[in-house]
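Visitor: This one is query-v4.csv, CSV, C-alpha atoms.
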```csv
chain,number,residue,atom,x,y,z
A,10,MET,CA,-10.9,-36.1,44.6
A,11,LYS,CA,-13.0,-35.6,41.5
A,12,ARG,CA,-13.3,-38.6,39.1
A,13,TRP,CA,-11.8,-36.7,36.1
A,14,ARG,CA,-8.8,-35.6,38.2
A,15,ARG,CA,-8.2,-39.1,39.4
A,16,TRP,CA,-8.1,-40.3,35.7
A,17,LEU,CA,-5.9,-37.4,34.7
A,18,ARG,CA,-3.4,-38.3,37.4
A,19,ALA,CA,-3.4,-42.0,36.4
A,20,ILE,CA,-2.9,-41.2,32.7
A,21,HIS,CA,-0.2,-38.5,33.5
A,22,ARG,CA,1.6,-41.1,35.7
A,23,ASP,CA,1.6,-43.9,33.1
A,24,ILE,CA,2.5,-41.7,30.2
A,25,GLY,CA,5.3,-40.3,32.4
A,26,TYR,CA,6.6,-43.8,33.0
A,27,ILE,CA,6.6,-44.6,29.3
A,28,LEU,CA,8.3,-41.4,28.3
A,29,THR,CA,11.1,-41.5,31.0
A,30,GLY,CA,13.6,-43.3,28.7
A,31,LEU,CA,13.0,-41.1,25.7
A,32,THR,CA,13.1,-37.9,27.9
A,33,VAL,CA,16.5,-38.9,29.3
A,34,ILE,CA,17.9,-39.7,25.8
A,35,TYR,CA,16.6,-36.5,24.3
A,36,SER,CA,17.8,-34.4,27.3
A,37,ILE,CA,21.3,-35.8,27.3
A,38,SER,CA,21.6,-35.5,23.5
A,39,GLY,CA,20.2,-32.0,23.8
A,40,ILE,CA,22.9,-30.9,26.1
A,41,ALA,CA,25.6,-32.6,24.0
A,42,VAL,CA,24.4,-31.0,20.7
A,43,ASN,CA,23.9,-27.6,22.4
A,44,HIS,CA,27.6,-27.4,22.8
A,45,ALA,CA,28.6,-28.6,19.3
A,46,ASP,CA,30.7,-25.5,18.8
A,47,GLU,CA,32.9,-26.4,21.8
A,48,TRP,CA,33.2,-30.2,21.3
A,49,ASN,CA,32.3,-33.0,19.0
A,50,PRO,CA,29.2,-34.6,20.4
A,51,ASN,CA,29.6,-37.8,18.4
A,52,TYR,CA,33.3,-38.5,18.3
A,53,VAL,CA,36.5,-38.3,20.3
A,54,ILE,CA,39.3,-37.2,17.9
A,55,GLU,CA,42.9,-37.8,19.2
A,56,LYS,CA,45.7,-36.2,17.3
A,57,SER,CA,49.4,-36.5,17.7
A,58,THR,CA,52.1,-34.9,15.5
A,59,THR,CA,55.7,-36.0,15.1
A,60,VAL,CA,58.4,-35.3,12.5
A,61,LEU,CA,59.6,-38.3,10.4
A,62,LYS,CA,62.5,-37.8,8.1
A,63,LEU,CA,62.6,-40.3,5.2
A,64,ASP,CA,65.7,-41.4,3.3
A,65,ASN,CA,66.0,-40.5,-0.4
A,66,LYS,CA,65.5,-44.1,-1.4
A,67,ASP,CA,62.1,-44.0,0.5
A,68,LEU,CA,61.0,-41.0,-1.5
A,69,SER,CA,61.3,-42.6,-4.9
A,70,SER,CA,57.6,-43.3,-5.4
A,71,THR,CA,54.3,-42.9,-3.6
A,72,GLN,CA,54.3,-46.6,-2.8
A,73,SER,CA,57.8,-46.5,-1.3
A,74,ILE,CA,56.8,-43.5,0.9
A,75,VAL,CA,53.7,-45.4,2.1
A,76,ASP,CA,55.8,-48.5,2.9
A,77,ALA,CA,58.4,-46.5,4.8
A,78,ILE,CA,55.8,-44.7,6.9
A,79,MET,CA,54.0,-48.0,7.6
A,80,SER,CA,57.3,-49.6,8.8
A,81,LYS,CA,58.6,-46.6,10.7
A,82,ALA,CA,55.6,-44.9,12.2
A,83,VAL,CA,52.8,-47.6,12.5
A,84,ASP,CA,52.7,-50.4,15.0
A,85,ASN,CA,51.1,-53.7,13.9
A,86,GLU,CA,48.2,-52.2,11.9
A,87,LYS,CA,47.1,-53.2,8.5
A,88,LEU,CA,47.1,-50.6,5.7
A,89,LYS,CA,43.5,-50.0,4.4
A,90,ASN,CA,44.1,-47.3,1.8
A,91,SER,CA,46.5,-44.5,0.8
A,92,PHE,CA,46.1,-41.5,-1.4
A,93,ARG,CA,48.2,-38.6,-2.6
A,94,PRO,CA,45.9,-35.5,-2.7
A,95,ASP,CA,48.8,-33.3,-3.9
A,96,SER,CA,52.5,-33.6,-4.7
A,97,ASN,CA,53.5,-32.6,-1.1
A,98,THR,CA,51.0,-34.8,0.9
A,99,ILE,CA,50.4,-38.4,1.5
A,100,LYS,CA,47.3,-39.7,3.3
A,101,ILE,CA,47.5,-43.2,4.8
A,102,PHE,CA,44.5,-45.0,6.3
A,103,THR,CA,45.2,-47.9,8.7
A,104,GLU,CA,42.8,-49.9,10.8
A,105,LYS,CA,42.9,-47.4,13.6
A,106,HIS,CA,44.6,-44.2,12.3
A,107,ASN,CA,44.3,-41.6,9.6
A,108,ILE,CA,47.8,-40.4,8.8
A,109,ASN,CA,48.7,-37.2,7.1
A,110,TYR,CA,52.4,-36.9,6.0
A,111,ASP,CA,53.8,-33.6,4.7
A,112,LEU,CA,56.7,-34.4,2.4
A,113,SER,CA,58.5,-31.1,2.6
A,114,SER,CA,58.6,-30.7,6.4
A,115,GLY,CA,58.4,-34.4,7.4
A,116,GLU,CA,55.5,-33.6,9.7
A,117,LEU,CA,53.4,-36.7,10.4
A,118,THR,CA,49.9,-36.3,12.0
A,119,LYS,CA,48.2,-39.3,13.3
A,120,GLU,CA,44.5,-39.1,14.0
A,121,GLU,CA,42.4,-41.6,15.8
A,122,ILE,CA,38.6,-41.2,15.7
A,123,LYS,CA,36.5,-43.0,18.3
A,124,ALA,CA,32.7,-42.9,18.5
A,125,ARG,CA,31.2,-41.9,21.8
A,126,PRO,CA,28.9,-44.9,22.0
A,127,ILE,CA,26.0,-43.7,24.1
A,128,LEU,CA,26.0,-40.1,23.0
A,129,LYS,CA,26.3,-41.0,19.3
A,130,ALA,CA,23.4,-43.4,19.6
A,131,SER,CA,21.3,-40.7,21.5
A,132,ASN,CA,22.1,-38.0,18.9
A,133,PHE,CA,21.2,-40.5,16.1
A,134,LEU,CA,17.7,-40.7,17.5
A,135,HIS,CA,17.4,-37.1,18.7
A,136,LEU,CA,18.4,-35.7,15.3
A,137,ASN,CA,16.0,-38.1,13.6
A,138,ALA,CA,18.8,-39.8,11.5
A,139,PRO,CA,16.8,-43.0,11.2
A,140,LYS,CA,13.8,-41.2,9.6
A,141,ARG,CA,11.0,-43.7,8.6
A,142,VAL,CA,8.9,-45.0,11.5
A,143,TRP,CA,11.1,-43.2,14.0
A,144,THR,CA,9.7,-39.9,12.8
A,145,TYR,CA,6.3,-40.9,14.1
A,146,VAL,CA,7.7,-42.3,17.3
A,147,ALA,CA,9.4,-38.9,17.9
A,148,ASP,CA,6.2,-37.0,17.0
A,149,THR,CA,4.2,-39.2,19.5
A,150,PHE,CA,6.8,-38.5,22.1
A,151,ALA,CA,6.5,-34.7,21.5
A,152,LEU,CA,2.7,-35.0,21.8
A,153,GLY,CA,3.1,-37.0,25.0
A,154,LEU,CA,5.3,-34.2,26.4
A,155,ILE,CA,2.7,-31.6,25.6
A,156,PHE,CA,0.1,-33.8,27.3
A,157,LEU,CA,2.3,-34.2,30.4
A,158,ALA,CA,2.9,-30.4,30.5
A,159,VAL,CA,-0.8,-29.5,30.1
A,160,SER,CA,-2.2,-32.2,32.3
A,161,GLY,CA,0.4,-31.3,34.9
A,162,LEU,CA,-1.3,-27.9,35.3
A,163,PHE,CA,-4.5,-29.6,36.6
A,164,MET,CA,-2.9,-32.3,38.8
A,165,VAL,CA,-3.2,-30.3,42.1
A,166,LYS,CA,-6.2,-28.2,43.1
A,167,GLY,CA,-6.4,-25.3,45.5
A,168,ARG,CA,-3.8,-22.6,46.2
A,169,ASN,CA,-0.9,-24.9,45.2
A,170,GLY,CA,-2.7,-25.5,41.9
A,171,MET,CA,-3.8,-23.1,39.3
A,172,LYS,CA,-5.6,-20.9,41.8
A,173,TRP,CA,-2.4,-19.3,42.9
A,174,ARG,CA,1.1,-20.9,43.0
A,175,GLY,CA,0.6,-22.9,39.7
A,176,THR,CA,-0.5,-19.8,37.8
A,177,TRP,CA,2.4,-17.7,38.9
A,178,PHE,CA,5.0,-20.5,38.2
A,179,THR,CA,3.5,-21.2,34.8
A,180,ILE,CA,3.6,-17.5,33.9
A,181,ALA,CA,7.3,-17.4,35.1
A,182,GLY,CA,8.0,-20.4,32.9
A,183,ILE,CA,6.4,-18.8,29.8
A,184,LEU,CA,8.3,-15.5,30.5
A,185,ILE,CA,11.7,-17.2,30.3
A,186,PRO,CA,11.6,-17.9,26.5
A,187,LEU,CA,9.8,-14.6,25.9
A,188,LEU,CA,12.6,-12.7,27.7
A,189,PHE,CA,15.2,-14.4,25.5
A,190,LEU,CA,13.2,-13.7,22.4
A,191,LEU,CA,13.1,-10.0,23.3
A,192,LEU,CA,16.9,-10.1,24.0
A,193,TYR,CA,18.1,-12.0,20.9
A,194,TYR,CA,15.3,-12.2,18.3
A,195,PHE,CA,13.3,-9.0,18.0
B,126,MET,CA,7.4,-65.2,26.3
B,127,LYS,CA,10.7,-67.1,26.0
B,128,LYS,CA,10.0,-67.8,22.3
B,129,ILE,CA,9.4,-64.1,21.6
B,130,CYS,CA,12.7,-63.2,23.3
B,131,ALA,CA,14.5,-65.9,21.3
B,132,ILE,CA,13.0,-64.6,18.0
B,133,LEU,CA,13.9,-61.0,18.9
B,134,VAL,CA,17.5,-62.0,19.7
B,135,LEU,CA,17.7,-63.9,16.4
B,136,VAL,CA,16.4,-60.9,14.4
B,137,LEU,CA,18.9,-58.6,16.2
B,138,ILE,CA,21.8,-60.9,15.5
B,139,SER,CA,20.8,-61.4,11.8
B,140,THR,CA,20.4,-57.6,11.4
B,141,LEU,CA,23.9,-57.1,12.8
B,142,LEU,CA,25.4,-59.8,10.6
B,143,VAL,CA,23.7,-58.3,7.4
B,144,SER,CA,24.9,-54.8,8.3
B,145,ALA,CA,28.5,-55.8,9.1
B,146,GLY,CA,31.0,-54.9,6.4
B,147,GLN,CA,28.9,-52.3,4.7
B,148,LYS,CA,26.4,-49.7,5.5
B,149,GLU,CA,23.9,-47.8,3.3
B,150,TYR,CA,23.0,-44.1,3.6
B,151,GLY,CA,20.1,-42.2,2.1
B,152,LYS,CA,18.3,-43.6,-1.0
B,153,LYS,CA,19.0,-46.9,-2.6
B,154,ILE,CA,21.5,-46.8,-5.4
B,155,THR,CA,19.8,-47.3,-8.8
B,156,LEU,CA,22.6,-46.8,-11.3
B,157,LYS,CA,24.6,-49.8,-12.4
B,158,GLU,CA,27.4,-48.2,-14.3
B,159,LYS,CA,30.1,-46.3,-12.5
B,160,THR,CA,31.7,-43.1,-13.8
B,161,LYS,CA,35.3,-42.4,-13.0
B,162,ILE,CA,35.8,-39.2,-10.9
B,163,SER,CA,38.7,-38.3,-13.2
B,164,THR,CA,36.3,-38.4,-16.2
B,165,ILE,CA,33.9,-36.1,-14.4
B,166,LEU,CA,36.7,-33.7,-13.4
B,167,GLN,CA,38.2,-33.7,-16.9
B,168,SER,CA,35.0,-32.3,-18.5
B,169,PRO,CA,32.6,-31.5,-15.7
B,170,GLU,CA,30.3,-29.3,-17.8
B,171,LYS,CA,29.1,-32.5,-19.6
B,172,PHE,CA,28.0,-34.0,-16.3
B,173,VAL,CA,26.3,-31.0,-14.7
B,174,GLY,CA,22.7,-31.9,-13.7
B,175,LYS,CA,23.3,-35.6,-14.5
B,176,LYS,CA,23.1,-38.5,-12.0
B,177,VAL,CA,26.3,-40.4,-11.6
B,178,LEU,CA,27.6,-43.4,-9.6
B,179,VAL,CA,31.2,-42.9,-8.3
B,180,THR,CA,33.5,-44.7,-6.0
B,181,GLY,CA,36.6,-43.7,-4.0
B,182,THR,CA,38.3,-43.6,-0.7
B,183,ILE,CA,36.8,-41.3,1.9
B,184,LEU,CA,39.4,-38.6,2.6
B,185,ALA,CA,37.5,-36.3,5.0
B,186,VAL,CA,34.1,-36.0,6.6
B,187,CYS,CA,32.3,-33.0,8.0
B,188,ASP,CA,33.0,-33.4,11.7
B,189,LYS,CA,30.1,-31.2,12.8
B,190,ARG,CA,27.1,-32.7,11.0
B,191,GLY,CA,28.4,-35.4,8.6
B,192,CYS,CA,26.9,-33.3,5.8
B,193,TRP,CA,29.8,-33.7,3.3
B,194,MET,CA,32.7,-36.0,2.5
B,195,GLU,CA,35.6,-35.9,0.1
B,196,LEU,CA,36.2,-38.8,-2.1
B,197,SER,CA,39.5,-39.6,-3.7
B,198,SER,CA,39.6,-39.8,-7.5
B,199,ASP,CA,41.0,-42.8,-9.4
B,200,LYS,CA,43.9,-40.4,-10.2
B,201,GLU,CA,46.3,-38.9,-7.8
B,202,ALA,CA,45.9,-35.2,-6.7
B,203,GLN,CA,42.2,-35.3,-7.6
B,204,LYS,CA,39.2,-35.4,-5.2
B,205,ILE,CA,35.5,-34.5,-5.3
B,206,LYS,CA,33.2,-33.2,-2.6
B,207,ILE,CA,30.0,-35.1,-1.9
B,208,LYS,CA,27.5,-32.7,-0.3
B,209,VAL,CA,24.2,-33.7,1.2
B,210,LYS,CA,21.4,-31.6,2.7
B,211,ASP,CA,22.0,-31.2,6.5
B,212,GLY,CA,20.4,-34.0,8.4
B,213,GLU,CA,19.2,-35.8,5.3
B,214,ILE,CA,22.2,-38.1,5.3
B,215,VAL,CA,24.8,-38.2,8.1
B,216,PHE,CA,28.2,-39.5,7.0
B,217,PRO,CA,30.2,-41.0,9.8
B,218,MET,CA,33.6,-39.7,10.7
B,219,THR,CA,34.7,-43.3,11.3
B,220,GLY,CA,34.2,-43.8,7.5
B,221,ILE,CA,37.4,-41.9,6.8
B,222,GLY,CA,39.8,-44.3,4.9
B,223,LYS,CA,37.0,-46.6,3.9
B,224,LYS,CA,35.6,-47.1,0.3
B,225,ALA,CA,32.4,-45.4,-0.6
B,226,LEU,CA,30.0,-45.9,-3.5
B,227,VAL,CA,28.0,-42.8,-4.0
B,228,GLU,CA,25.1,-41.9,-6.3
B,229,GLY,CA,24.3,-38.3,-6.8
B,230,GLU,CA,23.9,-35.3,-9.1
B,231,VAL,CA,26.8,-33.3,-10.4
B,232,GLN,CA,26.5,-29.7,-9.4
B,233,LYS,CA,28.3,-26.5,-10.6
B,234,ILE,CA,28.9,-24.1,-7.7
B,235,PHE,CA,29.7,-20.5,-8.4
B,236,MET,CA,30.9,-18.3,-5.6
B,237,SER,CA,31.9,-14.7,-5.5
B,238,LYS,CA,35.4,-13.9,-4.1
B,239,GLU,CA,33.8,-12.7,-0.8
B,240,ASP,CA,31.7,-15.8,-0.5
B,241,ALA,CA,34.7,-18.0,-1.3
B,242,ILE,CA,36.7,-16.3,1.5
B,243,LYS,CA,33.8,-16.8,3.9
B,244,GLN,CA,33.5,-20.5,2.9
B,245,GLY,CA,37.3,-21.0,3.2
B,246,LYS,CA,37.3,-19.5,6.7
B,247,HIS,CA,34.3,-21.6,7.7
B,248,GLU,CA,35.9,-24.8,6.4
B,249,ALA,CA,39.2,-24.0,8.0
B,250,GLU,CA,37.5,-23.5,11.3
B,251,GLU,CA,35.7,-26.8,10.9
B,252,ARG,CA,38.9,-28.7,10.1
B,253,LYS,CA,41.0,-26.7,12.6
B,254,THR,CA,43.4,-25.7,9.8
B,255,LYS,CA,44.8,-22.4,8.7
B,256,PHE,CA,43.3,-20.4,5.8
B,257,ASP,CA,44.9,-17.6,3.9
B,258,PRO,CA,42.3,-15.2,2.4
B,259,ASN,CA,44.9,-14.0,-0.1
B,260,SER,CA,44.8,-17.5,-1.6
B,261,VAL,CA,41.4,-16.6,-3.2
B,262,LYS,CA,42.3,-14.6,-6.2
B,263,GLY,CA,38.8,-14.0,-7.6
B,264,ASP,CA,35.4,-15.6,-8.1
B,265,VAL,CA,35.4,-19.4,-7.8
B,266,THR,CA,33.6,-22.1,-9.7
B,267,TYR,CA,33.9,-25.7,-8.6
B,268,TYR,CA,32.0,-28.9,-9.1
B,269,GLN,CA,30.6,-31.2,-6.5
B,270,ILE,CA,28.2,-34.1,-6.2
B,271,LYS,CA,24.9,-33.7,-4.5
B,272,GLY,CA,24.8,-37.1,-2.7
B,273,LEU,CA,21.5,-39.0,-2.8
B,274,GLY,CA,22.6,-42.4,-1.7
B,275,ALA,CA,25.8,-44.1,-0.6
B,276,VAL,CA,27.2,-47.4,0.5
B,277,ILE,CA,30.3,-47.4,2.7
B,278,THR,CA,32.4,-50.6,2.9
B,279,ASP,CA,35.0,-51.6,5.5
```
Can you present the structure in this file as structure tokens?

Guide:
Amino acid sequence: MKRWRRWLRAIHRDIGYILTGLTVIYSISGIAVNHADEWNPNYVIEKSTTVLKLDNKDLSSTQSIVDAIMSKAVDNEKLKNSFRPDSNTIKIFTEKHNINYDLSSGELTKEEIKARPILKASNFLHLNAPKRVWTYVADTFALGLIFLAVSGLFMVKGRNGMKWRGTWFTIAGILIPLLFLLLYYF
Amino acid sequence: MKKICAILVLVLISTLLVSAGQKEYGKKITLKEKTKISTILQSPEKFVGKKVLVTGTILAVCDKRGCWMELSSDKEAQKIKIKVKDGEIVFPMTGIGKKALVEGEVQKIFMSKEDAIKQGKHEAEERKTKFDPNSVKGDVTYYQIKGLGAVITD
């Protein structure tokens, strides 16, 4: 094996090891974000709706409505905040739930929002939310991927390399995005 | 090696302790004096283009990209939208119900009737609520704050 090819394989191997973690994070997040129209990639939102009829004495003020809902529809949770966005609606925020109460229909919607721990963290990095130094880490990762892709072309010599198989497979890989550009872009 | 590990653990724990309770988003807040949201909404033209510091309870957050949130006013039945550039700041959905301190610039938004209907449909889709296009009677003007920096407190 030629000396340059031996070096190339060694560098390709070691950069590959280093980039494994980031590649997995970016790929998982990529799949999650790709389907953002069908699901929320960061949060699980659980909603339940019931009807709660309040007595006239409970409806005397915003505070009495909040107190009544807290005692009748909330189990052992502290009240964080409440707000009346319009005359017909009360919003109550407890430790775990966001509650929306419709005064005219008595419809009470409880919403619990839970973060998807691993996905949210992966998306945080993938979408460059941290900014600052992470931007350069991500740039370096992208350059590393380019290196892996290009160096991978020259890893194997002969018919399984760029002399035959490698060339055709590389052309096929380039044709995939070109085909979709022809279908959807031009 | 053990010393390095111990220092890293200490740094991690102290970072977590410092960040517990409140979290900062975007640029550092520079203004000291708060403006009541009700004051802005009472005469918004006076504030257009000006930087303000407001506080309120987070009523809603964009569930797709965290690119906007609604803050309650100090008065009932009033709220204001805080809009940020997509990806520049990401407000967390778990922030709903918490108090937020936001610095930003008051903006006047004008939308034609057609655009207002499009926007209404889009927002209803995002919030999974119903939208009646007939509720838009004509061109719409509203005021929002272009968020620059925020602190969300538990």

Visitor: How far is it from atom CA of Tyr150 of chain B to atom CA of Leu28 of chain A, in Å with one decimal?

Guide: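 Calculated distance between atom CA of Tyr150 of chain B and atom CA of Leu28 of chain A is 28.9 Å.
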
Visitor: What gap, in Å, lies between atom CA of Tyr26 of chain A and atom CA of Leu162 of chain A?

Guide: 17.9 Å

Visitor: Of the residues B:Lys128, B:Lys176, B:Lys224, B:Lys148, which is the one nearest to chain A, using only C-alpha atoms?

Guide: B:Lys224

Visitor: For segment 239-249 of chain B, please output as number ranges by chain all residues within 9 Å (counting all atoms listed in the file; exclusion window: fewer than 2 positions along the same chain).

Guide: B: 236-237, 251-261, 263-265

Visitor: Any idea which chain A residues end up within 6 Å of chain B if we count only C-alpha atoms, as a ChimeraX atom specification please?

Guide: /A:93-95,102

Visitor: Skipping near chain neighbours, those fewer than 4 positions away, what residues fall within 6 Å of Lys208 of chain B using all atoms listed in the file, listed as a PyMOL selection string?

Guide: chain B and resi 193+271-272

Visitor: Can you tell me which residues surround Lys171 of chain B at a distance of at most 12 Å, considering only C-alpha atoms, apart from same-chain residues fewer than 4 positions away, and format the answer as a PyMOL selection string?

Guide: chain B and resi 164-167+175-177+231-233+268

Visitor: Compile the contact shell of Ile37 of chain A as a PyMOL selection string: residues with an atom at most 8 Å away, counting only C-alpha atoms, same-chain residues fewer than 3 positions apart removed.

Guide: chain A and resi 33-34+40-41+128+131

Visitor: Could you state the separation of atom CA of Leu31 of chain A and atom CA of Gly182 of chain A in Å, given to one decimal place?

Guide: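 Result for atom CA of Leu31 of chain A versus atom CA of Gly182 of chain A: 22.5 Å, one decimal.
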
Visitor: Excluding Leu112 of chain A and any residue of its chain fewer than 3 positions from it, enumerate the residues within 10 Å of it, using all atoms listed in the file, and give them as a list of chain:residue names.

Guide: A:Leu61, A:Lys62, A:Leu63, A:Leu68, A:Ile74, A:Ser96, A:Asn97, A:Thr98, A:Ile99, A:Asn109, A:Gly115, A:Glu116, A:Leu117

Visitor: Between A:Leu134, A:Ala181, A:Ala147, A:Asn169, which residue has the minimum interatomic distance to Gly39 of chain A, considering only C-alpha atoms?

Guide: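 Smallest distance to Gly39 of chain A is found for A:Leu134.
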
Visitor: Between B:Gly181, B:Phe216, B:Cys192, B:Asp211, which has the minimum distance to Ser91 of chain A (counting only C-alpha atoms)?

Guide: B:Gly181

Visitor: With distances taken over all atoms listed in the file, which of A:Ile127, A:Gly153, A:Tyr145, A:Val60 is nearest to Ile27 of chain A?

Guide: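 Of the candidates, the smallest distance to Ile27 of chain A is held by A:Gly153.
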